[in-house]
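Engineer: See target-v8.txt below, with compact mmCIF, C-alpha atoms.
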```
# COMPACT_ATOMS: atom_id res chain seq x y z
CA MET A 1 -120.37 26.87 -126.88
CA ARG A 2 -121.47 23.96 -124.70
CA ARG A 3 -118.90 21.62 -123.12
CA ILE A 4 -120.26 18.21 -122.15
CA VAL A 5 -118.21 15.58 -120.29
CA ILE A 6 -119.25 11.95 -120.81
CA LEU A 7 -118.57 9.65 -117.84
CA GLY A 8 -119.07 5.97 -117.14
CA LYS A 9 -117.34 2.65 -116.70
CA THR A 10 -115.42 0.91 -119.44
CA GLY A 11 -117.78 -0.85 -121.86
CA SER A 12 -120.84 1.23 -120.99
CA GLY A 13 -120.95 2.78 -124.47
CA LYS A 14 -119.61 6.29 -123.77
CA SER A 15 -117.89 6.70 -127.16
CA SER A 16 -120.95 5.40 -128.99
CA VAL A 17 -123.14 7.87 -127.09
CA ALA A 18 -120.85 10.69 -128.29
CA ASN A 19 -121.09 9.44 -131.89
CA THR A 20 -124.88 9.11 -131.62
CA ILE A 21 -125.20 12.70 -130.36
CA PHE A 22 -123.05 14.00 -133.23
CA GLY A 23 -124.77 11.71 -135.73
CA GLU A 24 -121.47 10.45 -137.15
CA PRO A 25 -118.49 8.34 -136.02
CA GLN A 26 -116.05 10.94 -134.66
CA PHE A 27 -114.97 9.05 -131.53
CA THR A 28 -113.04 5.79 -131.41
CA VAL A 29 -115.26 2.88 -130.39
CA CYS A 30 -113.59 -0.22 -128.99
CA HIS A 31 -115.80 -3.31 -129.17
CA ASN A 32 -113.59 -5.15 -126.69
CA SER A 33 -115.46 -4.67 -123.41
CA ILE A 34 -112.31 -5.38 -121.42
CA SER A 35 -110.24 -2.45 -122.70
CA GLY A 36 -112.77 0.16 -123.84
CA THR A 37 -111.78 3.81 -124.13
CA SER A 38 -108.26 4.29 -122.83
CA LEU A 39 -107.79 7.93 -123.84
CA CYS A 40 -109.58 11.19 -123.25
CA GLU A 41 -110.94 12.58 -126.55
CA ALA A 42 -112.56 15.96 -127.23
CA LYS A 43 -114.39 16.89 -130.45
CA THR A 44 -116.37 20.02 -131.38
CA GLN A 45 -119.23 20.20 -133.85
CA SER A 46 -122.05 22.56 -134.82
CA LEU A 47 -125.36 21.16 -133.59
CA ASN A 48 -128.79 22.76 -133.22
CA GLY A 49 -127.42 26.16 -134.21
CA GLY A 50 -124.58 26.16 -131.68
CA GLN A 51 -121.13 24.73 -131.00
CA ILE A 52 -120.96 21.63 -128.81
CA THR A 53 -117.77 20.06 -127.47
CA LEU A 54 -118.08 16.47 -126.27
CA ILE A 55 -115.32 15.17 -123.99
CA ASP A 56 -115.20 11.37 -123.99
CA THR A 57 -113.35 9.98 -120.97
CA PRO A 58 -111.74 6.68 -119.99
CA GLY A 59 -113.33 4.63 -117.23
CA PHE A 60 -112.45 7.06 -114.45
CA PHE A 61 -114.38 4.98 -111.93
CA ASP A 62 -113.08 1.58 -113.00
CA THR A 63 -111.35 0.04 -110.01
CA ASN A 64 -108.93 -2.04 -112.08
CA THR A 65 -107.33 0.76 -114.14
CA PRO A 66 -103.65 1.34 -113.23
CA GLU A 67 -103.03 4.78 -111.70
CA GLU A 68 -100.09 5.56 -113.97
CA ARG A 69 -102.37 5.14 -117.01
CA LEU A 70 -105.37 6.96 -115.59
CA ARG A 71 -103.67 10.04 -114.10
CA PRO A 72 -102.62 11.71 -117.42
CA GLU A 73 -106.12 11.15 -118.80
CA ILE A 74 -107.70 12.93 -115.82
CA VAL A 75 -105.25 15.80 -116.34
CA GLN A 76 -106.21 15.96 -120.01
CA CYS A 77 -109.91 15.95 -119.14
CA ILE A 78 -109.35 18.86 -116.74
CA THR A 79 -107.58 20.89 -119.44
CA GLU A 80 -110.05 19.95 -122.20
CA CYS A 81 -113.14 21.00 -120.25
CA SER A 82 -111.53 24.18 -118.83
CA PRO A 83 -112.89 26.60 -117.64
CA GLY A 84 -115.57 24.03 -116.84
CA PRO A 85 -118.23 21.78 -118.40
CA HIS A 86 -121.84 22.85 -118.84
CA ALA A 87 -123.06 19.32 -118.21
CA PHE A 88 -121.98 15.81 -117.26
CA LEU A 89 -123.56 12.74 -118.88
CA ILE A 90 -123.34 9.68 -116.61
CA VAL A 91 -123.58 6.68 -118.96
CA LEU A 92 -124.88 3.34 -117.65
CA LYS A 93 -125.87 0.16 -119.45
CA LEU A 94 -129.53 -0.72 -119.21
CA GLU A 95 -129.20 -4.15 -117.69
CA THR A 96 -129.70 -6.14 -114.52
CA PHE A 97 -128.05 -4.13 -111.77
CA THR A 98 -124.98 -6.03 -110.56
CA LYS A 99 -122.51 -5.49 -107.73
CA LEU A 100 -120.18 -3.84 -110.24
CA GLU A 101 -122.77 -1.22 -111.23
CA LYS A 102 -123.45 -0.53 -107.55
CA LYS A 103 -119.71 -0.05 -107.06
CA ILE A 104 -119.55 2.42 -109.96
CA ILE A 105 -122.38 4.49 -108.48
CA LYS A 106 -120.65 4.34 -105.10
CA GLN A 107 -117.49 5.70 -106.76
CA ILE A 108 -119.47 8.50 -108.42
CA ASN A 109 -121.08 9.42 -105.10
CA LYS A 110 -117.64 9.39 -103.48
CA TYR A 111 -116.07 11.90 -105.85
CA PHE A 112 -119.06 14.03 -106.88
CA SER A 113 -119.94 17.01 -104.72
CA GLU A 114 -123.64 17.75 -104.42
CA GLU A 115 -123.12 20.72 -106.74
CA VAL A 116 -121.86 18.47 -109.56
CA PHE A 117 -125.14 16.54 -109.58
CA ASN A 118 -126.88 19.83 -110.42
CA PHE A 119 -125.02 19.66 -113.75
CA ALA A 120 -125.52 15.94 -114.42
CA THR A 121 -127.98 13.72 -116.22
CA VAL A 122 -128.03 9.92 -116.54
CA VAL A 123 -128.02 8.33 -120.01
CA PHE A 124 -128.75 4.62 -120.36
CA THR A 125 -127.49 2.63 -123.35
CA HIS A 126 -128.79 -0.64 -124.86
CA GLY A 127 -132.30 0.81 -124.95
CA ASP A 128 -133.53 -2.11 -127.05
CA ASP A 129 -133.45 -4.15 -123.83
CA LEU A 130 -136.10 -1.84 -122.35
CA GLN A 131 -139.35 -3.77 -122.02
CA GLU A 132 -142.02 -2.85 -124.58
CA GLY A 133 -144.31 -0.09 -123.32
CA LEU A 134 -141.91 1.03 -120.56
CA LYS A 135 -140.26 4.45 -120.38
CA ILE A 136 -136.81 4.79 -118.88
CA LYS A 137 -138.18 6.37 -115.69
CA ASP A 138 -140.33 3.25 -115.20
CA PHE A 139 -137.16 1.13 -115.35
CA VAL A 140 -135.36 3.43 -112.91
CA SER A 141 -138.22 3.26 -110.42
CA LEU A 142 -137.63 -0.50 -110.01
CA ASN A 143 -134.18 -0.07 -108.41
CA LYS A 144 -133.48 2.01 -105.30
CA HIS A 145 -129.84 2.70 -106.25
CA LEU A 146 -130.81 4.04 -109.66
CA ARG A 147 -133.70 6.01 -108.15
CA ALA A 148 -131.33 7.69 -105.71
CA LEU A 149 -128.79 8.55 -108.43
CA VAL A 150 -131.39 9.98 -110.83
CA LYS A 151 -133.00 11.93 -107.99
CA LYS A 152 -129.63 13.55 -107.24
CA CYS A 153 -129.47 14.53 -110.93
CA GLY A 154 -132.76 16.40 -110.66
CA GLY A 155 -134.76 13.48 -112.09
CA ARG A 156 -133.00 13.78 -115.45
CA CYS A 157 -132.51 10.46 -117.30
CA HIS A 158 -132.65 9.34 -120.93
CA VAL A 159 -132.14 6.19 -122.95
CA ILE A 160 -130.61 5.49 -126.36
CA ASP A 161 -129.64 2.42 -128.33
CA ASN A 162 -126.50 2.94 -130.38
CA ARG A 163 -127.19 -0.10 -132.57
CA TYR A 164 -130.93 -0.49 -133.24
CA TRP A 165 -132.61 2.89 -132.74
CA ASN A 166 -130.98 4.96 -135.48
CA ASN A 167 -133.64 4.45 -138.14
CA LEU A 168 -136.30 2.51 -136.27
CA PRO A 169 -139.83 3.16 -137.63
CA GLY A 170 -142.89 3.17 -135.41
CA ASP A 171 -142.51 4.15 -131.76
CA PRO A 172 -141.09 7.72 -131.67
CA TYR A 173 -139.82 7.16 -128.11
CA ARG A 174 -137.49 4.39 -129.33
CA SER A 175 -135.64 6.75 -131.64
CA ASN A 176 -132.13 8.09 -131.15
CA THR A 177 -133.13 11.30 -132.92
CA HIS A 178 -135.84 11.91 -130.33
CA GLN A 179 -133.65 10.88 -127.39
CA VAL A 180 -130.70 13.06 -128.50
CA GLU A 181 -133.09 16.01 -128.74
CA GLU A 182 -134.20 15.26 -125.18
CA ILE A 183 -130.60 14.97 -123.95
CA LEU A 184 -129.66 18.33 -125.49
CA LYS A 185 -132.84 19.82 -124.06
CA SER A 186 -131.75 18.60 -120.62
CA VAL A 187 -128.35 20.25 -121.15
CA GLU A 188 -130.04 23.58 -121.91
CA GLU A 189 -132.28 23.19 -118.85
CA ILE A 190 -129.16 22.58 -116.74
CA VAL A 191 -127.51 25.72 -118.15
CA LYS A 192 -130.67 27.77 -117.53
CA ALA A 193 -131.06 26.42 -113.97
CA ASN A 194 -127.47 27.44 -113.27
CA ASN A 195 -127.99 30.97 -114.64
CA GLY A 196 -126.03 30.28 -117.81
CA ASN A 197 -122.91 29.27 -115.90
CA CYS A 198 -120.77 26.21 -116.46
CA TYR A 199 -119.63 24.03 -113.58
CA THR A 200 -116.31 25.18 -112.19
CA ASN A 201 -114.23 25.02 -109.03
CA GLU A 202 -110.89 26.28 -107.80
CA MET A 203 -108.94 23.58 -109.66
CA LEU A 204 -110.61 24.33 -113.01
CA GLU A 205 -110.19 28.08 -112.51
CA LYS A 206 -106.46 27.70 -111.79
CA VAL A 207 -105.95 25.50 -114.85
CA GLU A 208 -107.88 27.97 -117.03
CA LYS A 209 -105.64 30.79 -115.83
CA MET A 210 -102.60 28.64 -116.64
CA ILE A 211 -103.94 28.03 -120.16
CA GLN A 212 -104.58 31.74 -120.68
CA GLN A 213 -101.01 32.54 -119.66
CA GLU A 214 -99.74 30.00 -122.19
CA GLU A 215 -102.03 31.52 -124.85
CA GLU A 216 -100.44 34.92 -124.29
CA LEU A 217 -96.95 33.46 -124.69
CA ILE A 218 -97.90 31.55 -127.86
CA ALA A 219 -99.65 34.58 -129.38
CA GLN A 220 -96.41 36.58 -129.16
CA SER A 221 -94.70 34.23 -131.61
CA SER A 222 -97.63 32.42 -133.22
CA GLY A 223 -97.23 33.68 -136.77
CA ASN A 224 -100.43 32.81 -138.61
CA MET A 225 -101.99 30.55 -135.98
CA SER A 226 -105.74 30.98 -135.45
CA LYS A 227 -107.28 31.58 -132.03
CA GLU A 228 -108.50 27.97 -131.99
CA GLU A 229 -105.01 26.66 -132.82
CA ILE A 230 -103.43 28.86 -130.13
CA ARG A 231 -105.99 27.64 -127.59
CA GLN A 232 -105.34 24.01 -128.46
CA GLU A 233 -101.57 24.45 -128.25
CA ALA A 234 -101.93 26.23 -124.89
CA LYS A 235 -104.02 23.35 -123.52
CA SER A 236 -101.46 20.86 -124.78
CA ARG A 237 -98.64 22.74 -123.04
CA ALA A 238 -100.56 23.06 -119.78
CA CYS A 239 -101.43 19.37 -119.87
CA ASP A 240 -97.79 18.45 -120.49
CA ILE A 241 -96.57 20.59 -117.59
CA LEU A 242 -99.14 19.15 -115.19
CA ASN A 243 -98.38 15.58 -116.21
CA LYS A 244 -94.69 16.12 -115.50
CA ALA A 245 -95.00 18.28 -112.43
CA VAL A 246 -97.95 17.14 -110.34
CA GLY A 247 -97.28 13.99 -108.36
CA ILE A 248 -100.68 13.76 -106.68
CA THR A 249 -102.83 10.64 -106.79
CA THR A 250 -105.70 9.94 -109.19
CA GLY A 251 -108.12 10.03 -106.25
CA VAL A 252 -107.07 13.57 -105.40
CA LEU A 253 -107.31 14.63 -109.06
CA LEU A 254 -110.81 13.17 -109.39
CA GLY A 255 -111.87 14.82 -106.16
CA ALA A 256 -110.47 18.13 -107.41
CA LEU A 257 -112.18 17.80 -110.81
CA PHE A 258 -115.57 16.97 -109.35
CA GLY A 259 -115.32 19.38 -106.44
CA ALA A 260 -115.50 16.87 -103.58
CA ALA A 261 -113.16 18.15 -100.88
CA VAL A 262 -111.83 15.46 -98.58
CA ALA A 263 -113.64 15.59 -95.24
CA ILE A 264 -110.78 16.29 -92.86
CA GLY A 265 -110.59 18.72 -89.97
CA VAL A 266 -108.80 22.07 -90.00
CA ASP A 267 -106.04 20.80 -87.69
CA VAL A 268 -105.40 17.88 -90.02
CA VAL A 269 -105.34 20.23 -93.01
CA ALA A 270 -102.68 22.33 -91.31
CA ALA A 271 -100.61 19.22 -90.60
CA LYS A 272 -100.97 18.03 -94.18
CA THR A 273 -99.97 21.46 -95.49
CA ALA A 274 -96.80 21.37 -93.38
CA SER A 275 -96.14 17.88 -94.74
CA ILE A 276 -96.62 19.08 -98.31
CA LYS A 277 -94.24 21.97 -97.77
CA ALA A 278 -91.62 19.74 -96.16
CA GLU A 279 -91.87 17.09 -98.85
CA ALA A 280 -91.67 19.62 -101.67
CA ILE A 281 -88.57 21.22 -100.16
CA ARG A 282 -87.04 17.76 -99.60
CA GLY A 283 -87.59 17.15 -103.32
CA VAL A 284 -85.68 20.33 -104.14
CA ILE A 285 -82.82 19.37 -101.79
CA ALA A 286 -82.66 15.92 -103.39
CA THR A 287 -82.46 17.58 -106.79
CA VAL A 288 -79.62 19.85 -105.69
CA LEU A 289 -77.61 17.02 -104.09
CA ALA A 290 -78.13 14.52 -106.91
CA PRO A 291 -75.44 14.27 -109.61
CA ALA A 292 -76.57 16.49 -112.49
CA PRO A 293 -75.76 15.22 -115.97
CA ALA A 294 -74.77 17.89 -118.47
CA ALA A 295 -77.90 17.21 -120.50
CA THR A 296 -80.21 18.04 -117.57
CA SER A 297 -82.18 21.20 -118.36
CA GLY A 298 -83.30 23.82 -115.88
CA ALA A 299 -86.93 22.89 -116.55
CA ALA A 300 -86.25 19.23 -115.76
CA ALA A 301 -84.69 20.21 -112.44
CA GLY A 302 -87.74 22.32 -111.69
CA ILE A 303 -90.05 19.40 -112.37
CA ALA A 304 -88.06 17.19 -110.02
CA GLY A 305 -88.29 19.85 -107.34
CA ILE A 306 -92.09 20.16 -107.42
CA LYS A 307 -93.51 16.92 -106.09
CA VAL A 308 -96.62 16.77 -103.92
CA GLY A 309 -96.89 13.60 -101.86
CA PRO A 310 -99.95 11.34 -101.83
CA ALA A 311 -101.53 13.19 -98.90
CA ALA A 312 -105.30 13.47 -98.53
CA LEU A 313 -105.96 16.84 -100.18
CA GLY A 314 -109.09 18.87 -100.74
CA VAL A 315 -109.89 20.89 -103.88
CA GLY A 316 -108.16 24.01 -102.61
CA ALA A 317 -104.95 22.21 -101.65
CA ALA A 318 -104.86 20.30 -104.95
CA ALA A 319 -105.40 23.55 -106.85
CA GLY A 320 -102.61 25.10 -104.81
CA ALA A 321 -100.36 22.22 -105.76
CA VAL A 322 -101.14 22.84 -109.44
CA VAL A 323 -100.24 26.53 -109.08
CA GLY A 324 -97.02 25.66 -107.27
CA ALA A 325 -96.10 23.12 -109.94
CA TYR A 326 -96.74 25.60 -112.74
CA LYS A 327 -94.82 28.43 -111.06
CA GLY A 328 -91.93 26.12 -110.27
CA TYR A 329 -91.81 24.82 -113.83
CA LYS A 330 -91.89 28.29 -115.40
CA ALA A 331 -89.26 29.62 -112.97
CA ALA A 332 -86.98 26.67 -113.66
CA GLU A 333 -87.57 26.87 -117.42
CA GLU A 334 -85.95 30.32 -117.43
CA SER A 335 -82.84 29.06 -115.62
CA GLU A 336 -79.57 28.34 -117.34
CA THR A 337 -78.33 25.57 -115.02
CA PRO A 338 -79.94 22.82 -112.92
CA TRP A 339 -78.56 24.49 -109.78
CA GLU A 340 -80.19 27.82 -110.58
CA ALA A 341 -83.39 25.97 -111.48
CA ALA A 342 -83.46 24.15 -108.16
CA LYS A 343 -82.93 27.42 -106.30
CA LYS A 344 -85.75 29.19 -108.17
CA THR A 345 -88.01 26.18 -107.73
CA ALA A 346 -87.35 26.17 -103.99
CA GLU A 347 -88.26 29.85 -103.80
CA SER A 348 -91.48 29.16 -105.71
CA VAL A 349 -92.39 26.21 -103.47
CA ARG A 350 -91.67 28.27 -100.37
CA SER A 351 -93.86 31.13 -101.62
CA THR A 352 -96.73 28.82 -102.61
CA ALA A 353 -96.58 26.86 -99.36
CA LYS A 354 -96.63 30.14 -97.42
CA ASP A 355 -99.79 31.21 -99.29
CA VAL A 356 -101.47 27.86 -98.57
CA CYS A 357 -100.51 28.04 -94.90
CA SER A 358 -101.96 31.56 -94.70
CA SER A 359 -105.25 30.30 -96.21
CA VAL A 360 -105.37 27.42 -93.73
CA GLU A 361 -104.70 29.80 -90.85
CA ALA A 362 -107.58 32.01 -92.05
CA VAL A 363 -109.92 29.00 -92.12
CA ARG A 364 -108.72 27.92 -88.66
CA SER A 365 -109.41 31.45 -87.34
CA SER A 366 -112.93 31.43 -88.86
CA VAL A 367 -113.68 28.05 -87.31
CA GLU A 368 -112.48 29.22 -83.90
CA ASP A 369 -114.66 32.34 -84.20
CA ALA A 370 -117.65 30.17 -85.10
CA LYS A 371 -117.00 27.92 -82.09
CA ARG A 372 -116.88 30.95 -79.79
CA GLN A 373 -120.15 32.27 -81.21
CA VAL A 374 -121.88 28.89 -80.76
CA LYS A 375 -120.61 28.71 -77.17
CA LYS A 376 -121.83 32.25 -76.51
CA PHE A 377 -125.30 31.63 -77.97
CA SER A 378 -125.54 28.32 -76.09
CA ALA A 379 -124.77 30.07 -72.78
CA GLU A 380 -127.30 32.82 -73.50
CA TYR A 381 -129.95 30.24 -74.42
CA GLN A 382 -129.38 28.28 -71.21
CA ASN A 383 -129.66 31.45 -69.15
```
Would it be possible to restate this file's structure as structure tokens?
Structural biologist:
Amino acid sequence: MRRIVILGKTGSGKSSVANTIFGEPQFTVCHNSISGTSLCEAKTQSLNGGQITLIDTPGFFDTNTPEERLRPEIVQCITECSPGPHAFLIVLKLETFTKLEKKIIKQINKYFSEEVFNFATVVFTHGDDLQEGLKIKDFVSLNKHLRALVKKCGGRCHVIDNRYWNNLPGDPYRSNTHQVEEILKSVEEIVKANNGNCYTNEMLEKVEKMIQQEEELIAQSSGNMSKEEIRQEAKSRACDILNKAVGITTGVLLGALFGAAVAIGVDVVAAKTASIKAEAIRGVIATVLAPAPAATSGAAAGIAGIKVGPAALGVGAAAGAVVGAYKGYKAAEESETPWEAAKKTAESVRSTAKDVCSSVEAVRSSVEDAKRQVKKFSAEYQN
């Protein structure tokens, strides 16, 4: 099984790329360049003797997409590609490079860790606009921004044309069949270069564990459900819980998905952790003090209690927030009253915050040890 996440701005042709790879229209294509793909879609198909799952995403890096619309789609992408994708396809239109395209690449560089680029390849669409006799690498060489991006992706780049190259006679290079073969070959090269491993990080690992726990629960009362159906239901449940429980920003979610920890010092991390703990507990207190209608379920009270503020978080802290949200939700779900739910949620938040604080303290201790060693070596060198 190969899981491939397709990324790019709205209108770049992501859905059409997915359909071209599968050789049939499985993904929704919107011809209105303003709206484009608004939902995360995942489809699996047998291709080249193996199973391939393509995950088509909304314009994650579009600057004009409202956060309330984008956040659930990022959560769905995280659950769909769990335990991690084998490759990322960064889709760009082959056209004159504008300020907008530069901004998109800047956004990608902002959220991608260097490790993610080891799993990425660039795919250009509208290949019919490629000058006769030129290969895509010739086009890339003409622009320093594209050169830098492709270099980060190990020099991997391809070109397709979703409209004109499906059955074009003559030049074998200007053929979607040939280019799809090259794209899939790049994916296999990425997998081989990474020792057969998919890309993962702490966030993806935590979500995968959450999904597995849901699978176990579903399997106990699944009846005649297949493994695939149980897996899909477990992902749906995990996605629903995260959408309700995690109040972190889209920027934090993107950073957590693509492994780019926010560059903040250990002291600031400790302060943020304290802030997270305080805010979460304040959320629980607010839940307890608020009038509770009779229809309020224990699970709903738990959701209200787990709320992480829009602090600047790294991957580890965001993953910790996910774990806290899940634990709080499950604890509250088992409660009979909102009051009991709030109490259990508070206990879960307190336990999770304590674990996070312990991790931060361990990092702080390591940094202090490193500083002492540097000081010691510096003194010895000067002597």
Engineer: Given the choices A:Lys192, A:Lys244, A:Lys110, A:His126, which gets closest to Asn176 of chain A if the distance is worked out from all atoms listed in the file?
Structural biologist: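 Ranked by minimum distance to Asn176 of chain A, first place goes to A:His126.
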Engineer: How many Å separate atom CA of Asn64 of chain A from atom CA of Leu254 of chain A?
Structural biologist: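 Atom CA of Leu254 of chain A lies 15.6 Å from atom CA of Asn64 of chain A.
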Engineer: Can you work out the spacing between atom CA of Thr28 of chain A and atom CA of Ser15 of chain A in Å, to one decimal?
Structural biologist: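 Spanning atom CA of Thr28 of chain A to atom CA of Ser15 of chain A is a straight-line distance of 6.5 Å.
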Engineer: List every residue of segment 77-119 of chain A that has an atom at most 6 Å from any atom of segment 195-213 of chain A, giving for each one its closest atom pair and the distance in Å to one decimal, counting only C-alpha atoms, sorted by chain and then by ascending residue number, as CSV.
Structural biologist:
```
residue,atom,partner,partner_atom,distance
A:Ser82,CA,A:Glu208,CA,5.6
A:Pro83,CA,A:Glu208,CA,5.2
A:Gly84,CA,A:Thr200,CA,4.8
A:Pro85,CA,A:Cys198,CA,5.5
A:His86,CA,A:Cys198,CA,4.3
```
Engineer: Which residue out of A:Thr57, A:Thr125, A:Gln131, A:Asn48 has the minimum interatomic distance to Thr10 of chain A when only C-alpha atoms are used?
Structural biologist: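 Ranking A:Thr57, A:Thr125, A:Gln131, A:Asn48 by distance to Thr10 of chain A, first place goes to A:Thr57.
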Engineer: At a cut-off of 7 Å, using only C-alpha atoms, what residues contact Ile55 of chain A? Leave out same-chain residues fewer than 6 positions from it and give the result as a list in words.
Structural biologist: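 Using only C-alpha atoms, the neighbours found are Ile4, Val5, Ile6, Glu41, Ala42 and Lys43 of chain A.
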Engineer: Pick the closest to Glu182 of chain A from A:Val123, A:Asp129, A:Ala219, A:Val91: which is it, counting all atoms listed in the file?
Structural biologist: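 For Glu182 of chain A, the nearest of the given residues is A:Val123.
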Engineer: Expressed in Å to a single decimal, how great is the separation between atom CA of Met1 of chain A and atom CA of Ile52 of chain A?
Structural biologist: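 It comes out at 5.6 Å.
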Engineer: Using only C-alpha atoms, pick whichever of A:Gln107, A:Leu257, A:Cys81, A:Gly8 has the shortest atom-to-atom distance to Pro58 of chain A.
Structural biologist: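 Smallest distance to Pro58 of chain A is found for A:Gly8.
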Engineer: From the options A:Asn162, A:Gln220, A:Thr250, A:Asn109, which residue's atoms come nearest to Ser175 of chain A, counting all atoms listed in the file?
Structural biologist: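 Selected residue with least distance to Ser175 of chain A: A:Asn162.
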Engineer: For each of A:Phe124, A:Phe139, A:Phe117, A:Phe61, take the minimum atom-to-atom distance to Lys103 of chain A, counting only C-alpha atoms, then give the residue where this is smallest.
Structural biologist: A:Phe61
Engineer: The residues within 7 Å of (-136.2, 7.8, -122.2), using only C-alpha atoms and the coordinates of the file, should be reported as JSON, numbers by chain; which are they?
Structural biologist: {"A": [135, 136, 137, 157, 158, 159, 173, 179]}
Engineer: Fewer than 4 positions away in the same chain doesn't count, so skip those; otherwise give me all residues within 9 Å of Tyr111 of chain A, counting all atoms listed in the file, as a VMD selection string.
Structural biologist: chain A and resid 106 to 107 251 254 to 261
Engineer: Given the selection you just returned, output its residues as a file containing C-alpha atoms, formatted as a short mmCIF file (atom, residue, chain, number, x, y, z; two decimals), in the frame of the given file.
Structural biologist:
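Final file, part.cif:
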```cif
data_model
loop_
_atom_site.label_atom_id
_atom_site.label_comp_id
_atom_site.auth_asym_id
_atom_site.auth_seq_id
_atom_site.Cartn_x
_atom_site.Cartn_y
_atom_site.Cartn_z
CA LYS A 106 -120.65 4.34 -105.10
CA GLN A 107 -117.49 5.70 -106.76
CA GLY A 251 -108.12 10.03 -106.25
CA LEU A 254 -110.81 13.17 -109.39
CA GLY A 255 -111.87 14.82 -106.16
CA ALA A 256 -110.47 18.13 -107.41
CA LEU A 257 -112.18 17.80 -110.81
CA PHE A 258 -115.57 16.97 -109.35
CA GLY A 259 -115.32 19.38 -106.44
CA ALA A 260 -115.50 16.87 -103.58
CA ALA A 261 -113.16 18.15 -100.88
#
```
Engineer: How would you write as a ChimeraX atom specification the residues that get within 10 Å of (-125.1, 20.3, -131.9) in the file's frame, counting all atoms listed in the file?
Structural biologist: /A:1-2,21-23,44-54,180-181,184
